[in-house]
$ cat coords_2.txt   # compact mmCIF, C-alpha atoms
# COMPACT_ATOMS: atom_id res chain seq x y z
CA MET N 1 4.79 33.36 -29.79
CA ASN N 2 5.63 35.77 -27.00
CA TYR N 3 6.69 34.32 -23.67
CA THR N 4 7.91 35.47 -20.28
CA LYS N 5 10.67 34.13 -18.07
CA ILE N 6 10.01 33.65 -14.36
CA GLU N 7 12.76 32.78 -11.88
CA ASN N 8 12.12 31.43 -8.41
CA LYS N 9 15.14 31.93 -6.17
CA ARG N 10 13.75 29.74 -3.39
CA LEU N 11 13.39 26.76 -5.70
CA ASN N 12 16.34 27.69 -7.88
CA GLU N 13 14.10 26.98 -10.88
CA THR N 14 13.15 28.91 -14.00
CA MET N 15 9.89 28.66 -15.95
CA TYR N 16 9.06 30.07 -19.36
CA ILE N 17 5.38 30.84 -19.91
CA GLY N 18 3.80 31.48 -23.28
CA GLU N 19 0.29 31.72 -24.67
CA HIS N 20 -0.49 30.64 -28.20
CA GLU N 21 -2.91 32.76 -30.23
CA THR N 22 -5.56 30.08 -29.69
CA GLY N 23 -5.36 30.52 -25.91
CA LEU N 24 -3.26 27.38 -25.34
CA GLY N 25 -0.96 27.83 -22.35
CA VAL N 26 2.64 26.60 -22.76
CA PHE N 27 4.97 26.08 -19.78
CA VAL N 28 8.63 25.10 -20.06
CA ILE N 29 10.95 24.30 -17.13
CA PRO N 30 14.51 23.73 -18.39
CA LYS N 31 16.64 21.28 -16.42
CA LYS N 32 20.18 21.57 -17.75
CA GLY N 33 22.13 18.33 -17.70
CA CYS N 34 19.03 16.20 -17.11
CA VAL N 35 19.07 13.14 -19.40
CA LYS N 36 15.32 12.59 -19.54
CA LYS N 37 12.83 14.97 -21.15
CA TYR N 38 9.12 14.93 -20.34
CA ALA N 39 6.14 16.57 -22.03
CA THR N 40 2.39 16.70 -21.35
CA PHE N 41 -0.57 17.91 -23.38
CA ALA N 42 -3.59 18.06 -21.10
CA THR N 43 -7.19 19.19 -21.09
CA LYS N 44 -9.43 20.19 -18.20
CA PHE N 45 -11.86 17.36 -18.91
CA GLY N 46 -12.29 14.50 -16.47
CA SER N 47 -14.96 12.13 -15.24
CA VAL N 48 -16.73 14.82 -13.17
CA ASN N 49 -17.41 16.94 -16.27
CA ASN N 50 -20.54 15.08 -17.34
CA ARG N 51 -22.81 18.08 -17.89
CA PHE N 52 -21.86 21.22 -19.78
CA ILE N 53 -22.87 23.78 -22.38
CA PRO N 54 -21.13 22.85 -25.66
CA LEU N 55 -19.16 25.57 -27.42
CA GLY N 56 -21.41 27.56 -29.72
CA GLU N 57 -24.59 26.32 -28.03
CA THR N 58 -26.82 27.59 -25.22
CA GLU N 59 -28.50 24.51 -23.76
CA PRO N 60 -26.94 22.13 -21.18
CA TYR N 61 -25.78 18.76 -22.51
CA THR N 62 -25.52 15.62 -20.38
CA ILE N 63 -23.22 12.76 -21.38
CA PRO N 64 -23.03 9.11 -20.26
CA ASP N 65 -20.66 8.21 -17.43
CA GLY N 66 -17.14 7.33 -18.58
CA VAL N 67 -16.87 9.53 -21.70
CA ALA N 68 -13.64 11.32 -20.71
CA HIS N 69 -11.87 7.99 -20.18
CA PHE N 70 -13.40 6.54 -23.38
CA LEU N 71 -12.28 9.58 -25.37
CA GLU N 72 -8.74 9.25 -24.04
CA HIS N 73 -8.60 5.67 -25.34
CA LYS N 74 -9.88 6.66 -28.77
CA MET N 75 -7.42 9.53 -29.30
CA PHE N 76 -4.58 7.12 -30.08
CA GLU N 77 -6.32 5.70 -33.15
CA GLN N 78 -5.27 7.61 -36.27
CA PRO N 79 -7.25 8.20 -39.50
CA ASP N 80 -4.67 6.24 -41.53
CA GLY N 81 -5.24 3.14 -39.41
CA THR N 82 -2.06 3.46 -37.36
CA ASN N 83 -1.76 3.93 -33.61
CA ALA N 84 -0.11 7.01 -32.12
CA PHE N 85 2.04 4.75 -29.94
CA ASP N 86 3.71 3.30 -33.05
CA LYS N 87 5.46 6.54 -33.99
CA PHE N 88 6.55 7.17 -30.40
CA ALA N 89 8.19 3.73 -30.44
CA LEU N 90 10.09 4.65 -33.63
CA TYR N 91 11.43 7.74 -31.88
CA GLY N 92 12.41 5.74 -28.77
CA ALA N 93 9.91 7.59 -26.59
CA ASN N 94 7.78 6.12 -23.83
CA ALA N 95 4.20 7.43 -24.22
CA ASN N 96 1.07 7.13 -22.13
CA ALA N 97 -2.13 8.91 -21.10
CA PHE N 98 -4.49 8.96 -18.12
CA THR N 99 -7.86 10.32 -17.15
CA SER N 100 -8.51 11.62 -13.65
CA PHE N 101 -11.61 13.10 -12.04
CA ASN N 102 -10.98 16.52 -13.55
CA HIS N 103 -8.42 16.31 -16.36
CA THR N 104 -7.02 14.11 -19.13
CA ASN N 105 -3.27 14.05 -19.73
CA TYR N 106 -1.35 12.82 -22.80
CA LEU N 107 2.36 12.47 -22.18
CA PHE N 108 5.71 11.00 -23.15
CA SER N 109 9.28 10.82 -21.89
CA CYS N 110 12.44 10.36 -23.94
CA THR N 111 16.19 10.87 -24.01
CA ASP N 112 16.57 11.46 -27.77
CA ASN N 113 14.40 12.73 -30.63
CA PHE N 114 12.53 15.09 -28.35
CA THR N 115 11.35 17.55 -31.00
CA GLU N 116 9.99 14.79 -33.23
CA SER N 117 8.18 13.16 -30.31
CA PHE N 118 6.87 16.49 -29.03
CA GLU N 119 5.45 17.53 -32.39
CA HIS N 120 3.86 14.09 -32.75
CA LEU N 121 2.20 14.56 -29.34
CA LEU N 122 0.82 17.94 -30.35
CA SER N 123 -0.31 16.58 -33.70
CA TYR N 124 -2.20 13.41 -32.79
CA VAL N 125 -4.12 15.01 -29.90
CA GLN N 126 -5.52 17.45 -32.47
CA GLU N 127 -6.66 14.68 -34.83
CA PRO N 128 -9.71 12.85 -33.46
CA TYR N 129 -10.97 9.95 -35.52
CA PHE N 130 -14.25 8.46 -34.36
CA THR N 131 -16.43 6.10 -36.42
CA LYS N 132 -19.31 3.84 -35.49
CA GLU N 133 -17.07 0.82 -36.07
CA ASN N 134 -14.13 1.90 -33.92
CA VAL N 135 -16.43 3.18 -31.15
CA ASP N 136 -18.30 -0.16 -31.05
CA LYS N 137 -14.97 -1.99 -30.88
CA GLU N 138 -13.75 0.20 -28.03
CA GLN N 139 -16.93 -0.44 -26.04
CA GLY N 140 -15.99 -4.10 -25.88
CA ILE N 141 -12.40 -3.36 -24.86
CA ILE N 142 -13.32 -0.88 -22.12
CA GLY N 143 -16.17 -3.13 -21.00
CA GLN N 144 -13.60 -5.84 -20.28
CA GLU N 145 -11.47 -3.30 -18.40
CA ILE N 146 -14.45 -2.30 -16.25
CA ARG N 147 -15.22 -5.94 -15.43
CA MET N 148 -11.61 -6.42 -14.33
CA TYR N 149 -12.15 -3.76 -11.66
CA ASP N 150 -15.35 -5.38 -10.41
CA ASP N 151 -13.35 -7.60 -8.07
CA ASP N 152 -10.51 -5.13 -7.38
CA GLY N 153 -10.69 -4.48 -3.64
CA GLN N 154 -8.63 -1.27 -3.69
CA TRP N 155 -10.82 0.19 -6.44
CA ALA N 156 -14.04 -0.86 -4.68
CA VAL N 157 -13.08 0.48 -1.26
CA MET N 158 -12.16 3.88 -2.73
CA PHE N 159 -15.23 4.41 -4.92
CA ASN N 160 -17.56 3.06 -2.26
CA LEU N 161 -16.18 5.70 0.09
CA LEU N 162 -16.87 8.42 -2.48
CA LYS N 163 -20.41 7.08 -2.89
CA ALA N 164 -20.80 7.29 0.89
CA LEU N 165 -19.40 10.82 1.13
CA TYR N 166 -21.24 12.40 -1.81
CA HIS N 167 -24.92 12.59 -2.72
CA VAL N 168 -24.82 14.02 -6.26
CA ASN N 169 -21.28 15.17 -7.04
CA PRO N 170 -20.09 13.08 -10.03
CA VAL N 171 -16.86 12.24 -8.20
CA ARG N 172 -18.92 9.37 -6.75
CA ILE N 173 -19.06 7.79 -10.25
CA ASP N 174 -16.36 5.41 -11.48
CA ILE N 175 -13.98 7.21 -13.86
CA ALA N 176 -14.43 4.48 -16.49
CA GLY N 177 -18.23 4.47 -16.12
CA THR N 178 -20.17 1.21 -16.27
CA VAL N 179 -20.72 -1.35 -19.00
CA GLU N 180 -24.24 0.05 -19.36
CA SER N 181 -23.17 3.72 -19.53
CA ILE N 182 -20.41 3.26 -22.12
CA ALA N 183 -22.88 1.38 -24.33
CA LYS N 184 -24.63 4.76 -24.78
CA ILE N 185 -21.49 6.46 -26.14
CA ASP N 186 -21.37 7.09 -29.88
CA LYS N 187 -19.15 9.11 -32.20
CA ASP N 188 -21.44 12.15 -31.98
CA VAL N 189 -21.05 12.27 -28.19
CA LEU N 190 -17.27 11.96 -28.52
CA TYR N 191 -17.01 14.74 -31.12
CA LYS N 192 -19.25 17.00 -29.02
CA CYS N 193 -17.00 16.52 -25.98
CA TYR N 194 -13.81 16.80 -28.01
CA ASN N 195 -14.85 20.02 -29.75
CA THR N 196 -15.81 21.56 -26.41
CA TYR N 197 -13.19 20.40 -23.93
CA TYR N 198 -10.26 19.84 -26.28
CA ASN N 199 -10.37 23.42 -27.47
CA PRO N 200 -6.92 25.02 -27.05
CA SER N 201 -7.94 27.59 -24.44
CA ASN N 202 -9.03 24.71 -22.18
CA MET N 203 -5.68 22.94 -22.54
CA VAL N 204 -2.06 23.30 -21.45
CA VAL N 205 1.32 22.06 -22.66
CA CYS N 206 4.14 21.46 -20.19
CA VAL N 207 7.75 20.49 -20.99
CA VAL N 208 10.45 19.65 -18.46
CA GLY N 209 14.06 18.67 -19.17
CA ASP N 210 17.21 19.78 -20.94
CA VAL N 211 15.41 21.59 -23.74
CA GLU N 212 15.63 24.98 -25.42
CA PRO N 213 12.47 26.96 -24.61
CA GLU N 214 12.64 28.74 -27.97
CA GLN N 215 12.50 25.40 -29.79
CA VAL N 216 9.50 24.27 -27.71
CA PHE N 217 7.58 27.45 -28.51
CA ALA N 218 8.57 27.16 -32.17
CA SER N 219 7.17 23.62 -32.32
CA VAL N 220 3.90 24.80 -30.75
CA GLU N 221 3.65 27.58 -33.34
CA LYS N 222 4.35 25.08 -36.11
CA VAL N 223 1.90 22.33 -35.10
CA ILE N 224 -1.02 23.86 -33.20
CA LYS N 225 -3.95 24.58 -35.50
CA THR N 226 -5.46 28.04 -35.48
CA ASP N 227 -8.76 27.29 -37.22
CA ARG N 228 -10.47 25.45 -34.37
CA PRO N 229 -13.20 26.97 -32.17
CA SER N 230 -11.87 28.14 -28.84
CA GLY N 231 -13.43 29.52 -25.68
CA LYS N 232 -14.23 29.07 -22.02
CA VAL N 233 -16.04 25.85 -21.17
CA CYS N 234 -19.08 26.02 -18.89
CA SER N 235 -19.32 22.81 -16.83
CA ILE N 236 -22.44 22.39 -14.73
CA PHE N 237 -22.59 20.85 -11.25
CA ASP N 238 -25.60 20.29 -9.01
CA GLU N 239 -25.35 21.69 -5.50
CA GLU N 240 -23.90 19.06 -3.18
CA PRO N 241 -25.46 18.75 0.31
CA LYS N 242 -23.01 19.33 3.16
CA SER N 243 -23.93 16.07 4.89
CA VAL N 244 -22.41 12.73 3.95
CA CYS N 245 -24.66 10.45 1.90
CA GLN N 246 -24.22 7.45 4.23
CA LYS N 247 -21.99 6.79 7.21
CA TYR N 248 -20.92 3.24 6.35
CA ILE N 249 -20.68 1.02 3.30
CA GLU N 250 -19.17 -2.44 2.86
CA ALA N 251 -18.55 -4.95 0.09
CA LYS N 252 -16.62 -8.16 -0.61
CA ALA N 253 -13.78 -8.82 -3.05
CA SER N 254 -10.73 -11.02 -3.58
CA VAL N 255 -8.56 -9.56 -0.83
CA SER N 256 -6.50 -11.31 1.83
CA LEU N 257 -7.26 -8.78 4.59
CA PRO N 258 -10.17 -6.38 5.07
CA LEU N 259 -9.48 -3.02 3.40
CA PHE N 260 -10.76 0.25 4.84
CA ASN N 261 -11.08 3.87 3.75
CA ILE N 262 -12.16 6.46 6.31
CA GLY N 263 -13.02 9.76 4.70
CA PHE N 264 -13.81 13.29 5.87
CA LYS N 265 -15.78 15.48 3.49
CA ASP N 266 -14.48 19.02 3.05
CA ASN N 267 -17.37 21.37 2.31
CA TYR N 268 -15.18 24.49 2.14
CA LEU N 269 -14.23 24.30 -1.55
CA LYS N 270 -11.62 26.78 -2.77
CA GLU N 271 -9.92 27.92 -5.95
CA GLY N 272 -6.48 29.17 -6.94
CA ASP N 273 -3.98 29.91 -4.19
CA GLU N 274 -6.62 29.40 -1.48
CA LEU N 275 -7.06 25.85 -2.75
CA LEU N 276 -3.29 25.37 -2.63
CA LYS N 277 -3.10 26.61 0.97
CA ARG N 278 -5.87 24.24 1.99
CA GLU N 279 -4.17 21.31 0.26
CA ILE N 280 -0.94 22.06 2.13
CA ALA N 281 -2.80 22.30 5.44
CA VAL N 282 -4.58 18.96 4.95
CA GLU N 283 -1.29 17.26 4.09
CA ILE N 284 0.36 18.64 7.24
CA ILE N 285 -2.60 17.53 9.37
CA SER N 286 -2.42 14.03 7.84
CA ARG N 287 1.28 13.75 8.62
CA ILE N 288 0.85 14.96 12.20
CA LEU N 289 -2.06 12.63 12.98
CA PHE N 290 -1.36 9.56 10.85
CA GLY N 291 2.23 9.76 9.61
CA ARG N 292 4.88 7.11 10.33
CA SER N 293 6.29 9.24 13.15
CA SER N 294 2.89 9.79 14.80
CA THR N 295 1.97 8.26 18.15
CA LEU N 296 -1.21 6.81 16.67
CA TYR N 297 0.58 4.99 13.86
CA THR N 298 3.26 3.61 16.17
CA SER N 299 0.80 2.29 18.74
CA MET N 300 -1.58 0.69 16.23
CA TYR N 301 1.30 -0.85 14.27
CA GLU N 302 2.95 -2.32 17.36
CA GLU N 303 -0.39 -3.80 18.42
CA GLY N 304 -0.82 -5.42 15.00
CA LEU N 305 -3.97 -3.42 14.36
CA ILE N 306 -2.54 -2.01 11.10
CA ASN N 307 0.36 -2.87 8.82
CA GLU N 308 2.77 -0.95 6.58
CA ASN N 309 -0.01 -0.26 4.05
CA PHE N 310 -1.61 2.29 6.38
CA GLY N 311 -1.55 5.81 4.97
CA THR N 312 -3.51 8.80 3.67
CA ASP N 313 -4.83 9.78 0.25
CA ASN N 314 -6.20 13.32 0.22
CA SER N 315 -8.01 15.11 -2.62
CA THR N 316 -8.30 18.91 -2.67
CA GLU N 317 -9.91 20.13 -5.88
CA ALA N 318 -12.16 23.00 -6.89
CA GLU N 319 -15.08 20.63 -7.52
CA PHE N 320 -14.69 18.34 -4.49
CA ALA N 321 -12.38 17.71 -1.55
CA CYS N 322 -11.92 15.03 1.08
CA ALA N 323 -9.28 13.73 3.48
CA VAL N 324 -8.87 9.95 3.50
CA ILE N 325 -7.16 7.42 5.79
CA CYS N 326 -6.69 3.99 4.23
CA GLY N 327 -5.17 0.63 5.00
CA GLU N 328 -5.68 -3.03 5.89
CA SER N 329 -6.82 -4.44 9.23
CA GLU N 330 -8.54 -7.46 10.71
CA LYS N 331 -10.43 -4.99 12.89
CA PRO N 332 -11.36 -1.96 10.76
CA ALA N 333 -14.04 -0.80 13.25
CA GLU N 334 -11.44 -0.63 16.00
CA VAL N 335 -9.09 1.33 13.72
CA LYS N 336 -11.87 3.85 13.09
CA GLU N 337 -12.52 4.13 16.82
CA ARG N 338 -8.85 4.82 17.53
CA ILE N 339 -8.65 7.38 14.74
CA MET N 340 -11.72 9.25 16.00
CA LYS N 341 -10.35 9.18 19.53
CA GLU N 342 -7.11 10.78 18.32
CA ILE N 343 -9.01 13.39 16.31
CA ASN N 344 -11.25 14.28 19.25
CA SER N 345 -8.20 14.55 21.47
CA LYS N 346 -6.60 17.04 19.08
CA HIS N 347 -9.84 19.03 19.01
CA GLU N 348 -9.52 19.43 22.78
CA GLU N 349 -5.76 19.82 23.15
CA GLY N 350 -4.72 21.37 19.86
CA PHE N 351 -1.53 20.67 17.92
CA ASP N 352 1.91 20.89 19.48
CA SER N 353 3.69 23.89 17.93
CA ASP N 354 7.11 22.19 17.82
CA GLU N 355 5.67 19.11 16.13
CA PHE N 356 3.81 21.31 13.67
CA GLU N 357 7.01 23.12 12.67
CA ARG N 358 8.92 19.84 12.32
CA ILE N 359 6.28 18.26 10.11
CA LYS N 360 5.92 21.43 8.05
CA ARG N 361 9.67 21.55 7.37
CA ALA N 362 9.71 17.87 6.42
CA PHE N 363 6.80 18.36 4.03
CA TYR N 364 8.54 21.30 2.35
CA GLY N 365 11.65 19.16 1.99
CA SER N 366 9.69 16.44 0.21
CA TYR N 367 8.20 19.09 -2.08
CA LEU N 368 11.67 20.34 -3.01
CA ARG N 369 12.87 16.78 -3.70
CA GLY N 370 10.08 16.46 -6.25
CA PHE N 371 11.97 18.94 -8.44
CA ASN N 372 14.62 16.29 -9.04
CA ASN N 373 12.19 14.26 -11.16
CA VAL N 374 10.94 15.55 -14.52
CA GLU N 375 7.74 13.47 -14.42
CA THR N 376 6.85 14.74 -10.95
CA ILE N 377 7.43 18.34 -12.02
CA GLY N 378 5.49 17.96 -15.26
CA ASN N 379 2.45 16.32 -13.69
CA MET N 380 2.44 18.74 -10.77
CA VAL N 381 2.69 21.81 -13.01
CA THR N 382 -0.01 20.46 -15.34
CA ARG N 383 -2.44 19.75 -12.52
CA TYR N 384 -1.87 23.08 -10.80
CA ILE N 385 -2.09 25.16 -13.98
CA LEU N 386 -5.41 23.52 -14.92
CA ALA N 387 -6.61 24.37 -11.41
CA GLY N 388 -5.61 28.01 -11.84
CA ILE N 389 -2.48 27.75 -9.68
CA ASN N 390 1.07 28.79 -10.55
CA ILE N 391 3.42 26.10 -9.23
CA PHE N 392 5.85 28.84 -8.19
CA SER N 393 3.15 30.10 -5.80
CA PHE N 394 3.75 27.06 -3.61
CA ALA N 395 6.53 28.60 -1.52
CA ASP N 396 4.52 31.78 -0.87
CA ALA N 397 1.37 29.81 -0.05
CA PHE N 398 3.41 27.55 2.19
CA GLU N 399 4.57 30.52 4.27
CA CYS N 400 0.93 31.52 4.85
CA VAL N 401 0.04 28.13 6.31
CA ASP N 402 0.71 28.70 10.00
CA LEU N 403 -0.53 26.81 13.04
CA ASP N 404 -3.67 28.93 13.35
CA PHE N 405 -4.64 28.26 9.74
CA VAL N 406 -4.00 24.52 10.07
CA THR N 407 -6.06 24.40 13.26
CA LYS N 408 -8.93 26.18 11.51
CA VAL N 409 -8.88 23.73 8.57
CA PHE N 410 -8.69 20.79 10.99
CA LYS N 411 -11.79 21.93 12.87
CA GLU N 412 -13.71 22.43 9.61
CA ILE N 413 -12.96 19.02 8.09
CA TYR N 414 -12.22 16.42 10.76
CA THR N 415 -15.57 16.01 12.49
CA GLU N 416 -17.91 13.10 13.13
CA GLU N 417 -20.54 14.71 10.91
CA ASN N 418 -18.16 14.83 7.93
CA MET N 419 -16.95 11.24 8.32
CA ALA N 420 -17.87 8.09 6.38
CA MET N 421 -16.27 4.65 6.25
CA SER N 422 -15.90 2.06 3.49
CA VAL N 423 -14.77 -1.52 4.14
CA VAL N 424 -14.10 -4.37 1.72
CA TYR N 425 -13.99 -7.81 3.33
CA PRO N 426 -12.48 -10.95 1.80
CA SER N 427 -14.87 -12.93 -0.39
CA GLU N 428 -16.06 -16.22 1.02
CA GLN N 429 -13.88 -18.93 -0.45
$ encode --input "coords_2.txt" --output "structure tokens"
Amino acid sequence: MNYTKIENKRLNETMYIGEHETGLGVFVIPKKGCVKKYATFATKFGSVNNRFIPLGETEPYTIPDGVAHFLEHKMFEQPDGTNAFDKFALYGANANAFTSFNHTNYLFSCTDNFTESFEHLLSYVQEPYFTKENVDKEQGIIGQEIRMYDDDGQWAVMFNLLKALYHVNPVRIDIAGTVESIAKIDKDVLYKCYNTYYNPSNMVVCVVGDVEPEQVFASVEKVIKTDRPSGKVCSIFDEEPKSVCQKYIEAKASVSLPLFNIGFKDNYLKEGDELLKREIAVEIISRILFGRSSTLYTSMYEEGLINENFGTDNSTEAEFACAVICGESEKPAEVKERIMKEINSKHEEGFDSDEFERIKRAFYGSYLRGFNNVETIGNMVTRYILAGINIFSFADAFECVDLDFVTKVFKEIYTEENMAMSVVYPSEQ
């Protein structure tokens, strides 16, 4: 397999990029002297991809909620009756997987036996094994998992906010689906999704650590099958209204203090480097307005209105985007009032240029520190590549995010019209 070598002097990092004949992208970032090695094998298939045109077909196909997560669970079961985790354990590797809104990631970390573990990762993700019996069994297991989240306050406050912000975008649906929706999943649905979204040209491999790039590419050539259908996946999304679905939503759960999420819907969806610039801008805005060094945080904390769990959790994706402030408070309505007052003040006064530069430098510093951790690098590269972004574009995009650009993004997102609030109160004992 042919590959290219890219060096980034600013980051002092090197990345090797190759493309398998199937269209699979392979990305290797060597970290000489690093004890731990980390690898991911990911597909651009998450919970929001619930309607698509299957490969080789022409008509749209709608699947039950929760299929991407269900499929992730089933991939570990092997045709010979073993579990993929068993072989990782023999190699001394720590393996896992997760499903997000827009991708599914299979991964492992190890110190020894990297090649064996890596080739096992590539192998088992290419070997789906779905039967009526093992699908029925998994429905019971995942059904129990879903019920566990029914009284999880953090889970409820987040997904209730997404339901308030969005009318039709599938990000408003729980990643795991519901007990009712997963009951509609069968092996035919799973194979249809696997054959479409797990095709190599819709997937990426990323390896970070003290590895030889040539050996990584050789393993990919050895293990990746060339006889599978491959091609661009066409996911279908309904047009999302610009307004929020509802301004306020509340629920009760087993929590000690009321939980709140205050979200601002971003209707200016972007792709590629423009998405990256917007993500950087939203993070800088969040740190200026709500960071630990902000006036707002200090005053609310000293008054006992919030505690150390106050923070932000922003999502900037091609399919959806929102900026979120979250935390615990006995008076969530007052917290919202104070936040809106601070936002309105910044709309009138603007951002202080010195503070902007200070926060921007601090953010860049935290980004650079992420390159000391192989898991952070691997997950970041995987996510960005699936979103059509080269991780080495970050420094260039960062330079383009000036005060004018941040002010523009702030005015577009942080408005009363774009805001919704979710609160979870303690259950009555």
$ closest_atom_pairs --input "coords_2.txt" --of "region 133-206 of chain N" --to "region 9-33 of chain N" --cutoff "7 Å" --atoms "all atoms listed in the file" --output "tab-separated table"
residue	atom	partner	partner_atom	distance
N:Pro200	CA	N:Leu24	CA	4.7
N:Ser201	CA	N:Gly23	CA	4.2
N:Met203	CA	N:Leu24	CA	5.8
N:Val204	CA	N:Gly25	CA	4.7
N:Val205	CA	N:Val26	CA	4.7
N:Cys206	CA	N:Phe27	CA	4.7
$ write_last_selection --input "coords_2.txt" --atoms "C-alpha atoms" --output "PDB file, in the frame of the given file"
ATOM      1  CA  PRO N 200      -6.920  25.020 -27.050  1.00  0.00           C
ATOM      2  CA  SER N 201      -7.940  27.590 -24.440  1.00  0.00           C
ATOM      3  CA  MET N 203      -5.680  22.940 -22.540  1.00  0.00           C
ATOM      4  CA  VAL N 204      -2.060  23.300 -21.450  1.00  0.00           C
ATOM      5  CA  VAL N 205       1.320  22.060 -22.660  1.00  0.00           C
ATOM      6  CA  CYS N 206       4.140  21.460 -20.190  1.00  0.00           C
TER       7      CYS N 206
END
$ atom_distance --input "coords_2.txt" --atom1 "CA of Asp396 (chain N)" --atom2 "CA of Ser315 (chain N)"
20.9 Å
$ residues_around --input "coords_2.txt" --residues "region 122-128 of chain N" --least-positions-apart "5" --cutoff "9 Å" --atoms "all atoms listed in the file" --output "MDAnalysis selection string"
chainID N and resid 41 74:79 84 106 117 191 194 198 205 219:220 223:225
$ closest_residue --input "coords_2.txt" --among "N:Phe159, N:Phe351, N:Phe405, N:Tyr414" --to "Arg278 (chain N)" --atoms "all atoms listed in the file"
N:Phe405
$ residues_near_point --input "coords_2.txt" --point "(-22.2, 18.1, -7.7)" --cutoff "9 Å" --atoms "only C-alpha atoms" --output "ChimeraX atom specification"
/N:48,166-171,236-241,319-320
$ residues_around --input "coords_2.txt" --residues "Thr99 (chain N)" --least-positions-apart "2" --cutoff "9 Å" --atoms "all atoms listed in the file" --output "list in words"
Phe45, Gly46, Ser47, Ala68, His69, Glu72, Ala97, Phe101, Asn102, His103, Thr104, Asn105, Tyr106, Ile175 and Ala176 of chain N
$ atom_distance --input "coords_2.txt" --atom1 "CA of Phe88 (chain N)" --atom2 "CA of His120 (chain N)"
7.8 Å
$ residues_around --input "coords_2.txt" --residues "Tyr268 (chain N)" --least-positions-apart "4" --cutoff "10 Å" --atoms "all atoms listed in the file" --output "PyMOL selection string"
chain N and resi 242+275+278+318+320-321+409+412-413
$ residues_around --input "coords_2.txt" --residues "Ile262 (chain N)" --least-positions-apart "5" --cutoff "10 Å" --atoms "all atoms listed in the file" --output "list in words"
Val157, Met158, Leu161, Leu165, Lys247, Tyr248, Thr312, Ala323, Val324, Ile325, Cys326, Gly327, Pro332, Val335, Lys336, Ile339, Met419, Ala420, Met421, Ser422 and Val423 of chain N
$ residues_around --input "coords_2.txt" --residues "region 52-66 of chain N" --least-positions-apart "6" --cutoff "9 Å" --atoms "only C-alpha atoms" --output "list in words"
Gly46, Pro170, Ile173, Asp174, Ile175, Ala176, Gly177, Thr178, Ser181, Ile182, Ala183, Lys184, Ile185, Val189, Lys192, Cys193, Asn195, Thr196, Tyr197, Pro229, Ser230, Gly231, Lys232, Val233, Cys234, Ser235, Ile236 and Phe237 of chain N
$ atom_distance --input "coords_2.txt" --atom1 "CA of Gly209 (chain N)" --atom2 "CA of Ala93 (chain N)"
14.0 Å
$ axis_aligned_box --input "coords_2.txt" --around "region 35-48 of chain N" --padding-each-side "4 Å" --output "lines of an AutoDock Vina configuration file"
center_x = 1.2
center_y = 16.2
center_z = -18.3
size_x = 43.8
size_y = 16.1
size_z = 18.2
$ closest_residue --input "coords_2.txt" --among "N:Cys322, N:Ala333, N:Ala251, N:Ala281" --to "Leu269 (chain N)" --atoms "only C-alpha atoms"
N:Cys322
$ closest_residue --input "coords_2.txt" --among "N:Glu334, N:Glu308, N:Asp86, N:Asp150" --to "Leu121 (chain N)" --atoms "all atoms listed in the file"
N:Asp86
